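Text of start.txt, listed as compact mmCIF, C-alpha atoms:
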# COMPACT_ATOMS: atom_id res chain seq x y z
CA MET A 1 33.91 204.72 -41.44
CA PRO A 2 31.88 202.74 -44.02
CA GLN A 3 30.86 199.14 -43.34
CA LYS A 4 31.95 196.67 -46.00
CA SER A 5 32.34 192.94 -46.41
CA PHE A 6 35.68 191.15 -46.28
CA ALA A 7 35.24 190.30 -50.00
CA THR A 8 34.58 193.95 -50.87
CA ALA A 9 37.66 194.96 -48.89
CA ILE A 10 39.78 192.53 -50.92
CA ASN A 11 38.26 193.87 -54.13
CA GLU A 12 39.01 197.46 -53.10
CA GLY A 13 42.55 196.53 -52.11
CA ILE A 14 43.33 195.08 -55.54
CA ALA A 15 41.68 198.01 -57.32
CA GLN A 16 43.53 200.56 -55.18
CA ALA A 17 46.88 198.91 -55.88
CA MET A 18 46.10 198.83 -59.62
CA ASP A 19 45.19 202.52 -59.50
CA LEU A 20 48.42 203.37 -57.69
CA ASP A 21 50.71 201.31 -59.89
CA ASP A 22 50.14 200.60 -63.59
CA SER A 23 52.47 197.60 -63.36
CA VAL A 24 50.02 195.65 -61.14
CA ILE A 25 48.06 192.91 -62.92
CA CYS A 26 45.54 190.38 -61.55
CA TYR A 27 44.87 186.90 -62.87
CA GLY A 28 43.78 183.43 -61.82
CA LEU A 29 41.20 180.71 -62.37
CA GLY A 30 37.74 182.26 -62.11
CA VAL A 31 38.91 185.85 -61.70
CA THR A 32 36.65 187.03 -64.51
CA ASP A 33 33.75 184.59 -64.13
CA PRO A 34 30.39 185.68 -62.60
CA LYS A 35 31.22 184.37 -59.12
CA ALA A 36 34.51 186.30 -59.22
CA VAL A 37 36.27 184.21 -56.53
CA PHE A 38 33.73 184.85 -53.73
CA GLY A 39 33.15 188.31 -55.22
CA THR A 40 36.69 189.48 -54.56
CA THR A 41 37.52 190.21 -58.22
CA ALA A 42 34.13 191.48 -59.36
CA SER A 43 34.21 194.24 -62.04
CA LEU A 44 38.01 194.46 -62.07
CA GLU A 45 38.24 193.34 -65.72
CA LYS A 46 35.65 195.95 -66.75
CA ARG A 47 37.48 198.69 -64.86
CA PHE A 48 41.08 197.89 -65.78
CA GLY A 49 40.74 195.93 -69.03
CA ALA A 50 41.53 192.41 -70.17
CA ALA A 51 45.24 193.15 -70.49
CA ARG A 52 45.53 193.65 -66.71
CA VAL A 53 42.76 191.36 -65.36
CA PHE A 54 42.27 187.94 -66.92
CA ASP A 55 41.49 184.27 -66.36
CA MET A 56 44.23 181.68 -66.70
CA PRO A 57 44.48 178.09 -67.91
CA THR A 58 44.52 175.24 -65.38
CA SER A 59 48.29 175.25 -65.23
CA GLU A 60 49.30 176.59 -61.84
CA ASN A 61 52.99 175.80 -62.13
CA ALA A 62 53.38 177.39 -65.56
CA MET A 63 51.43 180.50 -64.65
CA THR A 64 53.51 180.98 -61.51
CA GLY A 65 56.59 180.82 -63.72
CA VAL A 66 55.02 183.48 -65.93
CA ALA A 67 54.50 185.66 -62.84
CA ILE A 68 58.14 185.27 -61.82
CA GLY A 69 59.34 186.19 -65.31
CA ALA A 70 56.98 189.16 -65.38
CA ALA A 71 58.19 190.27 -61.94
CA LEU A 72 61.78 190.30 -63.12
CA ASN A 73 60.61 192.64 -65.86
CA GLY A 74 58.84 195.07 -63.53
CA ILE A 75 55.31 193.65 -63.45
CA LYS A 76 53.61 192.99 -60.09
CA SER A 77 51.26 190.02 -60.34
CA VAL A 78 48.35 189.30 -58.01
CA MET A 79 47.73 185.59 -58.59
CA THR A 80 44.47 184.16 -57.26
CA HIS A 81 43.67 180.52 -56.58
CA GLN A 82 40.28 179.23 -55.47
CA ARG A 83 41.89 176.84 -52.97
CA VAL A 84 45.33 176.51 -51.46
CA ASP A 85 45.25 172.84 -52.52
CA PHE A 86 45.35 173.77 -56.24
CA PHE A 87 48.47 175.83 -55.76
CA LEU A 88 50.57 172.92 -54.49
CA LEU A 89 51.43 172.12 -58.11
CA ALA A 90 53.38 175.39 -58.24
CA LEU A 91 55.50 174.98 -55.12
CA ASP A 92 58.68 174.43 -57.13
CA GLN A 93 58.30 177.85 -58.74
CA LEU A 94 57.49 179.49 -55.42
CA VAL A 95 60.04 177.80 -53.17
CA ASN A 96 62.99 177.28 -55.53
CA SER A 97 62.68 180.50 -57.51
CA ALA A 98 60.50 183.31 -56.19
CA ALA A 99 61.41 183.02 -52.50
CA LYS A 100 65.17 182.84 -53.15
CA TRP A 101 65.69 185.35 -55.94
CA HIS A 102 66.38 188.41 -53.80
CA TYR A 103 68.98 186.47 -51.78
CA MET A 104 70.63 184.53 -54.62
CA PHE A 105 71.43 187.66 -56.59
CA GLY A 106 72.51 189.96 -53.80
CA GLY A 107 69.33 191.99 -53.76
CA GLN A 108 69.84 193.21 -57.34
CA ASN A 109 66.47 191.76 -58.37
CA SER A 110 63.37 190.77 -56.47
CA VAL A 111 60.12 189.00 -57.29
CA PRO A 112 57.08 191.09 -56.26
CA ILE A 113 54.26 188.53 -56.46
CA THR A 114 51.18 188.37 -54.25
CA ILE A 115 49.60 184.91 -54.24
CA ARG A 116 46.04 184.87 -52.92
CA LEU A 117 45.04 181.44 -51.65
CA ILE A 118 41.64 180.51 -50.20
CA ILE A 119 41.67 178.26 -47.14
CA GLY A 120 38.88 177.03 -44.94
CA ARG A 121 36.47 174.23 -44.37
CA GLY A 122 32.84 173.27 -44.21
CA TRP A 123 30.06 172.02 -46.46
CA GLY A 124 31.85 168.80 -47.37
CA GLN A 125 35.02 170.33 -48.81
CA GLY A 126 36.95 167.29 -47.63
CA PRO A 127 40.69 166.54 -47.66
CA THR A 128 41.50 168.07 -51.08
CA HIS A 129 39.75 171.44 -50.75
CA SER A 130 40.18 172.55 -47.17
CA GLN A 131 43.81 172.45 -46.09
CA ASN A 132 45.41 175.24 -44.05
CA LEU A 133 49.09 175.16 -44.93
CA GLN A 134 50.33 178.42 -43.44
CA ALA A 135 53.02 176.56 -41.46
CA TRP A 136 54.44 175.15 -44.71
CA PHE A 137 54.77 178.58 -46.29
CA ALA A 138 56.11 180.18 -43.11
CA HIS A 139 58.89 177.58 -43.07
CA ILE A 140 60.32 178.83 -46.39
CA PRO A 141 62.98 181.57 -46.09
CA GLY A 142 62.18 184.51 -48.34
CA LEU A 143 58.38 184.28 -48.14
CA LYS A 144 56.05 186.53 -46.21
CA VAL A 145 52.77 184.96 -45.05
CA VAL A 146 49.71 187.11 -44.28
CA MET A 147 46.38 185.93 -42.76
CA PRO A 148 43.88 188.76 -42.14
CA THR A 149 40.77 188.35 -39.97
CA THR A 150 38.82 191.61 -40.35
CA PRO A 151 37.73 193.43 -43.53
CA GLU A 152 39.82 196.44 -42.50
CA ASP A 153 42.95 194.34 -42.13
CA ALA A 154 42.21 192.48 -45.36
CA LYS A 155 42.35 195.69 -47.38
CA GLY A 156 45.23 197.32 -45.54
CA LEU A 157 47.43 194.24 -45.57
CA LEU A 158 46.60 193.33 -49.18
CA ILE A 159 47.68 196.71 -50.57
CA SER A 160 50.92 196.47 -48.57
CA SER A 161 51.45 192.91 -49.85
CA ILE A 162 50.97 193.88 -53.49
CA LEU A 163 53.40 196.80 -53.18
CA ASP A 164 55.97 194.71 -51.25
CA PRO A 165 59.11 194.10 -53.34
CA ASN A 166 59.20 190.36 -52.54
CA PRO A 167 56.75 187.40 -52.71
CA VAL A 168 53.82 187.35 -50.28
CA VAL A 169 51.43 184.44 -49.66
CA PHE A 170 48.04 185.96 -48.74
CA LEU A 171 45.70 183.42 -47.12
CA GLU A 172 41.95 184.14 -46.92
CA HIS A 173 39.56 181.95 -44.93
CA ARG A 174 36.38 181.56 -46.98
CA TRP A 175 34.12 181.85 -43.95
CA LEU A 176 35.33 185.43 -43.61
CA HIS A 177 34.38 186.69 -47.07
CA ASN A 178 30.82 187.59 -46.03
CA SER A 179 31.82 189.10 -42.68
CA ILE A 180 31.21 192.83 -42.25
CA GLY A 181 33.35 195.49 -40.66
CA GLU A 182 34.62 199.04 -40.98
CA VAL A 183 36.95 199.59 -43.93
CA PRO A 184 38.63 202.93 -44.75
CA ASP A 185 38.20 204.28 -48.26
CA GLY A 186 41.12 205.02 -50.55
CA ASP A 187 44.78 204.18 -50.13
CA PHE A 188 44.77 202.44 -46.76
CA ARG A 189 47.82 200.36 -45.85
CA LEU A 190 48.89 198.37 -42.80
CA PRO A 191 52.46 197.21 -42.14
CA LEU A 192 53.21 193.50 -42.56
CA GLY A 193 54.45 191.73 -39.44
CA LYS A 194 52.38 193.57 -36.81
CA ALA A 195 49.87 191.69 -34.65
CA LYS A 196 46.75 193.30 -33.18
CA VAL A 197 45.38 192.94 -29.64
CA MET A 198 41.71 192.36 -30.45
CA ARG A 199 40.59 192.15 -26.84
CA GLU A 200 42.51 193.10 -23.72
CA GLY A 201 42.50 190.74 -20.73
CA ARG A 202 44.41 189.88 -17.59
CA ASP A 203 44.16 186.10 -16.96
CA ILE A 204 45.29 184.32 -20.13
CA THR A 205 46.59 185.11 -23.63
CA ILE A 206 44.98 183.48 -26.66
CA VAL A 207 47.07 183.85 -29.83
CA SER A 208 45.29 183.04 -33.08
CA MET A 209 45.01 183.86 -36.74
CA SER A 210 42.34 184.29 -39.44
CA TYR A 211 39.00 182.60 -38.69
CA MET A 212 40.34 181.03 -35.45
CA THR A 213 40.40 184.56 -34.02
CA ILE A 214 36.61 184.69 -34.43
CA GLU A 215 36.20 181.47 -32.44
CA ALA A 216 38.65 182.87 -29.86
CA LEU A 217 36.60 186.05 -29.44
CA HIS A 218 33.40 184.03 -29.13
CA ALA A 219 35.02 181.92 -26.40
CA ALA A 220 36.35 185.05 -24.67
CA ASP A 221 32.84 186.54 -24.53
CA TYR A 222 31.60 183.38 -22.82
CA LEU A 223 34.57 183.15 -20.44
CA GLU A 224 34.13 186.76 -19.35
CA LYS A 225 30.75 185.72 -17.90
CA GLN A 226 32.56 182.92 -16.05
CA GLY A 227 34.94 185.40 -14.47
CA VAL A 228 37.92 184.74 -16.75
CA SER A 229 39.47 187.67 -18.62
CA CYS A 230 41.08 186.65 -21.92
CA GLU A 231 43.49 188.71 -23.99
CA VAL A 232 43.11 187.81 -27.68
CA VAL A 233 46.04 188.51 -30.02
CA ASP A 234 45.38 188.26 -33.76
CA LEU A 235 48.68 187.59 -35.53
CA ARG A 236 47.56 189.00 -38.93
CA SER A 237 51.01 188.10 -40.28
CA ILE A 238 52.50 184.63 -39.77
CA LYS A 239 55.84 185.61 -41.22
CA PRO A 240 57.26 187.90 -40.10
CA LEU A 241 55.60 187.10 -36.77
CA ASP A 242 55.21 189.86 -34.19
CA TRP A 243 57.01 188.18 -31.28
CA GLU A 244 57.14 191.42 -29.31
CA THR A 245 53.35 191.56 -28.99
CA VAL A 246 53.04 187.82 -28.26
CA PHE A 247 55.73 187.98 -25.56
CA ALA A 248 54.34 191.16 -23.97
CA SER A 249 50.85 189.71 -23.69
CA THR A 250 52.10 186.39 -22.30
CA VAL A 251 54.24 188.12 -19.68
CA LYS A 252 51.21 190.22 -18.73
CA THR A 253 48.84 187.26 -18.20
CA GLY A 254 51.26 184.41 -17.36
CA ARG A 255 49.26 181.91 -19.40
CA LEU A 256 49.22 181.12 -23.13
CA ILE A 257 47.09 179.15 -25.56
CA ALA A 258 48.08 179.22 -29.23
CA LEU A 259 45.38 178.38 -31.78
CA ASP A 260 45.90 177.18 -35.33
CA SER A 261 43.52 176.40 -38.19
CA GLY A 262 46.14 173.97 -39.58
CA PHE A 263 47.23 170.51 -38.49
CA THR A 264 48.81 170.09 -35.05
CA THR A 265 52.26 168.67 -35.81
CA GLY A 266 54.62 171.33 -37.14
CA SER A 267 51.97 174.03 -36.71
CA VAL A 268 52.41 177.77 -36.23
CA ALA A 269 50.83 177.23 -32.80
CA GLY A 270 53.58 174.77 -31.95
CA GLU A 271 56.24 177.32 -32.93
CA ILE A 272 54.61 179.94 -30.70
CA VAL A 273 54.51 177.57 -27.72
CA ALA A 274 58.17 176.63 -28.29
CA ARG A 275 59.43 180.22 -28.53
CA VAL A 276 57.48 181.38 -25.49
CA ALA A 277 58.71 178.40 -23.46
CA MET A 278 62.32 179.12 -24.46
CA GLU A 279 62.33 182.89 -24.02
CA LYS A 280 59.64 183.69 -21.42
CA PHE A 281 59.59 180.54 -19.31
CA SER A 282 59.95 182.38 -16.01
CA ALA A 283 56.83 184.45 -16.75
CA LEU A 284 54.59 181.38 -17.19
CA ARG A 285 52.30 180.30 -14.38
CA LYS A 286 51.11 177.26 -16.35
CA ALA A 287 52.58 175.17 -19.16
CA PRO A 288 51.53 176.76 -22.49
CA ALA A 289 49.03 174.90 -24.66
CA ARG A 290 47.99 174.69 -28.30
CA LEU A 291 44.81 173.74 -30.11
CA ALA A 292 44.91 172.76 -33.78
CA MET A 293 43.46 170.26 -36.24
CA PRO A 294 44.07 166.53 -35.69
CA ASP A 295 46.87 165.00 -37.78
CA VAL A 296 44.58 163.21 -40.22
CA PRO A 297 43.08 164.30 -43.56
CA GLU A 298 39.83 166.17 -43.08
CA PRO A 299 36.78 163.93 -43.69
CA THR A 300 34.27 164.76 -46.42
CA SER A 301 31.38 163.16 -44.54
CA ILE A 302 29.45 165.62 -42.41
CA ALA A 303 28.99 162.89 -39.81
CA LEU A 304 32.73 162.37 -39.47
CA THR A 305 33.48 166.09 -39.19
CA LYS A 306 31.30 166.46 -36.10
CA GLY A 307 33.68 167.40 -33.32
CA PHE A 308 36.60 167.51 -35.78
CA TYR A 309 37.31 171.26 -35.76
CA VAL A 310 38.58 173.48 -32.96
CA ARG A 311 35.64 175.57 -31.83
CA ALA A 312 34.87 178.07 -29.09
CA ALA A 313 33.85 175.27 -26.71
CA ASP A 314 37.26 173.58 -27.08
CA ILE A 315 38.98 176.88 -26.38
CA ALA A 316 36.82 177.57 -23.33
CA ILE A 317 37.45 174.09 -21.92
CA LYS A 318 41.22 174.47 -22.32
CA VAL A 319 41.19 177.95 -20.78
CA LEU A 320 39.15 176.90 -17.75
CA SER A 321 41.33 173.81 -17.26
CA MET A 322 44.42 176.01 -17.18
CA MET A 323 42.64 178.25 -14.65
CA ASP A 324 41.81 175.20 -12.48
CA LYS A 325 38.10 175.89 -12.93
CA SER A 326 35.22 173.53 -13.66
CA VAL A 327 34.48 172.78 -17.30
CA ASP A 328 30.98 171.46 -16.62
CA TYR A 329 28.18 172.79 -18.82
CA ILE A 330 30.49 174.25 -21.50
CA ASN A 331 29.39 171.88 -24.24
CA ALA A 332 25.80 172.76 -23.43
CA ASP A 333 26.49 176.50 -23.30
CA LEU A 334 28.65 176.51 -26.46
CA SER A 335 27.16 173.61 -28.37
CA GLU A 336 27.89 173.03 -32.04
CA PRO A 337 25.26 174.52 -34.35
CA ASP A 338 22.96 172.25 -36.33
CA PRO A 339 24.16 171.69 -39.00
CA HIS A 340 27.55 171.82 -37.32
CA ASP A 341 29.52 172.48 -40.51
CA VAL A 342 28.86 176.25 -40.46
CA PRO A 343 30.12 178.97 -38.14
CA GLY A 344 26.83 179.17 -36.19
CA ASP A 345 23.93 181.58 -35.72
CA TRP A 346 26.13 183.77 -33.52
CA PHE A 347 28.46 184.53 -36.44
CA LYS A 348 27.44 187.82 -38.05
CA GLY A 349 30.91 188.97 -39.00
CA PRO A 350 33.82 189.91 -36.80
CA PHE A 351 32.49 193.19 -35.39
Written as structure tokens, how would this file's structure read?
Amino acid sequence: MPQKSFATAINEGIAQAMDLDDSVICYGLGVTDPKAVFGTTASLEKRFGAARVFDMPTSENAMTGVAIGAALNGIKSVMTHQRVDFFLLALDQLVNSAAKWHYMFGGQNSVPITIRLIIGRGWGQGPTHSQNLQAWFAHIPGLKVVMPTTPEDAKGLLISSILDPNPVVFLEHRWLHNSIGEVPDGDFRLPLGKAKVMREGRDITIVSMSYMTIEALHAADYLEKQGVSCEVVDLRSIKPLDWETVFASTVKTGRLIALDSGFTTGSVAGEIVARVAMEKFSALRKAPARLAMPDVPEPTSIALTKGFYVRAADIAIKVLSMMDKSVDYINADLSEPDPHDVPGDWFKGPF
């Protein structure tokens, strides 16, 4: 299977959907500029023409309304925003119109929109360019929320999202765009709402999403050398969430840590801990735990972000604590890179 970057996989996913369905269009700020939104929309305008691939004015709310109107007339829009923060201006259109349409009108009409939003952190992005609001979107009835980790999943889930009859929020962590992995050619689709066991283990379950899965796998590699076997479950889809896989893994290991790239209070990780505690309490050998961002806006200063993010060392410390093992030497073994505001030398892509 060919090796491709996450960004190339996104690009192929959009192109494949546009080849399959003439009603698919793609637009957003920067879609046609030379940087092409981290390279994800490169050459699409040349291939499919300006009528189907185009830039848009800085008017997120209005252009989302255009997408809803187009959807009700049979056009499937792939809207792209450089940051999730920019899209907050359009929440009224998304929450009060797109998400509800199928339900308000008895399923007679639906709104097939895929909204690509870039999340992530690093390099001084600060509080207005780095939020991870998957829990917000997952809270809204009528929305699907997808967060791929690997290039293969990015393509397969994106094509399925575009061809889904209802609105999908597709969240891409920008640290993943240069990661490399195997990606099938052609029409490759994955079902929404199915998690993937990225690494099998016997001692503890780590549930994560998007870039946090990479930190989880890095921690699991280290913990294996310490005699702790971690099972890593990548959610891939936040809503619908694959509870069957989460429950089965937790019952198998008896211990659970839920990771989240978003803020702690009201997080997806908190929902996972709550559901497992309510429905699989008797299977737990330890109280479940979660690791997420602190409940304060992310600093812009590189000095203030030191120690701010959940990293592999934090995961390893929490895992070993739950296993009643020593946590000495972890910060030395899994120290933050210098500069700390990058994934680290160890990060060469997911696989």
Legend entry - Gap from CA of Gly120 in chain A to CA of Ser210 in chain A - Å, one decimal: 9.7 Å
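Closest approach to Gln226 in chain A among A:Ala316, A:Ala50, A:Ala7, A:Met63 is made by A:Ala316 (distances from all atoms listed in the file).
Distances to Val296 in chain A were evaluated for A:Glu244, A:Ile257, A:Gln131, A:Met198 using all atoms listed in the file, and the minimum falls at A:Gln131.
For Thr265 in chain A, the list of residues within 10 Å, based on all atoms listed in the file and with local chain neighbours fewer than 6 positions off taken out, reads Ala135, Glu271, Ala292, Met293, Pro294 and Asp295 of chain A.
The spacing separating CA of Asp242 in chain A from CA of His102 in chain A amounts to 22.6 Å.
Closest approach to Arg275 in chain A among A:Ala51, A:Ala17, A:Leu88, A:Val246 is made by A:Val246 (distances from only C-alpha atoms).
Residues in contact range of range 280-290 of chain A, defined as at most 7 Å between all atoms listed in the file, with sequence neighbours fewer than 6 positions away removed, read Val251, Gly254, Arg255, Leu256, Ile257, Ala258, Leu259, Ala269, Gly270, Val273 and Met322 of chain A.
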Please produce a file of the residues just selected, as a JSON list (two decimals), in the coordinates of the input, where the atoms kept are C-alpha atoms.
[["chain", "number", "residue", "atom", "x", "y", "z"],
["A", 251, "VAL", "CA", 54.24, 188.12, -19.68],
["A", 254, "GLY", "CA", 51.26, 184.41, -17.36],
["A", 255, "ARG", "CA", 49.26, 181.91, -19.40],
["A", 256, "LEU", "CA", 49.22, 181.12, -23.13],
["A", 257, "ILE", "CA", 47.09, 179.15, -25.56],
["A", 258, "ALA", "CA", 48.08, 179.22, -29.23],
["A", 259, "LEU", "CA", 45.38, 178.38, -31.78],
["A", 269, "ALA", "CA", 50.83, 177.23, -32.80],
["A", 270, "GLY", "CA", 53.58, 174.77, -31.95],
["A", 273, "VAL", "CA", 54.51, 177.57, -27.72],
["A", 322, "MET", "CA", 44.42, 176.01, -17.18]]
Legend entry - Nearby residues (all atoms listed in the file) at most 8 Å from range 234-236 of chain A, same-chain spacing under 2 positions excluded, as a PyMOL selection string: chain A and resi 146-149+153+193-198+207-210+213+232+238+241-242
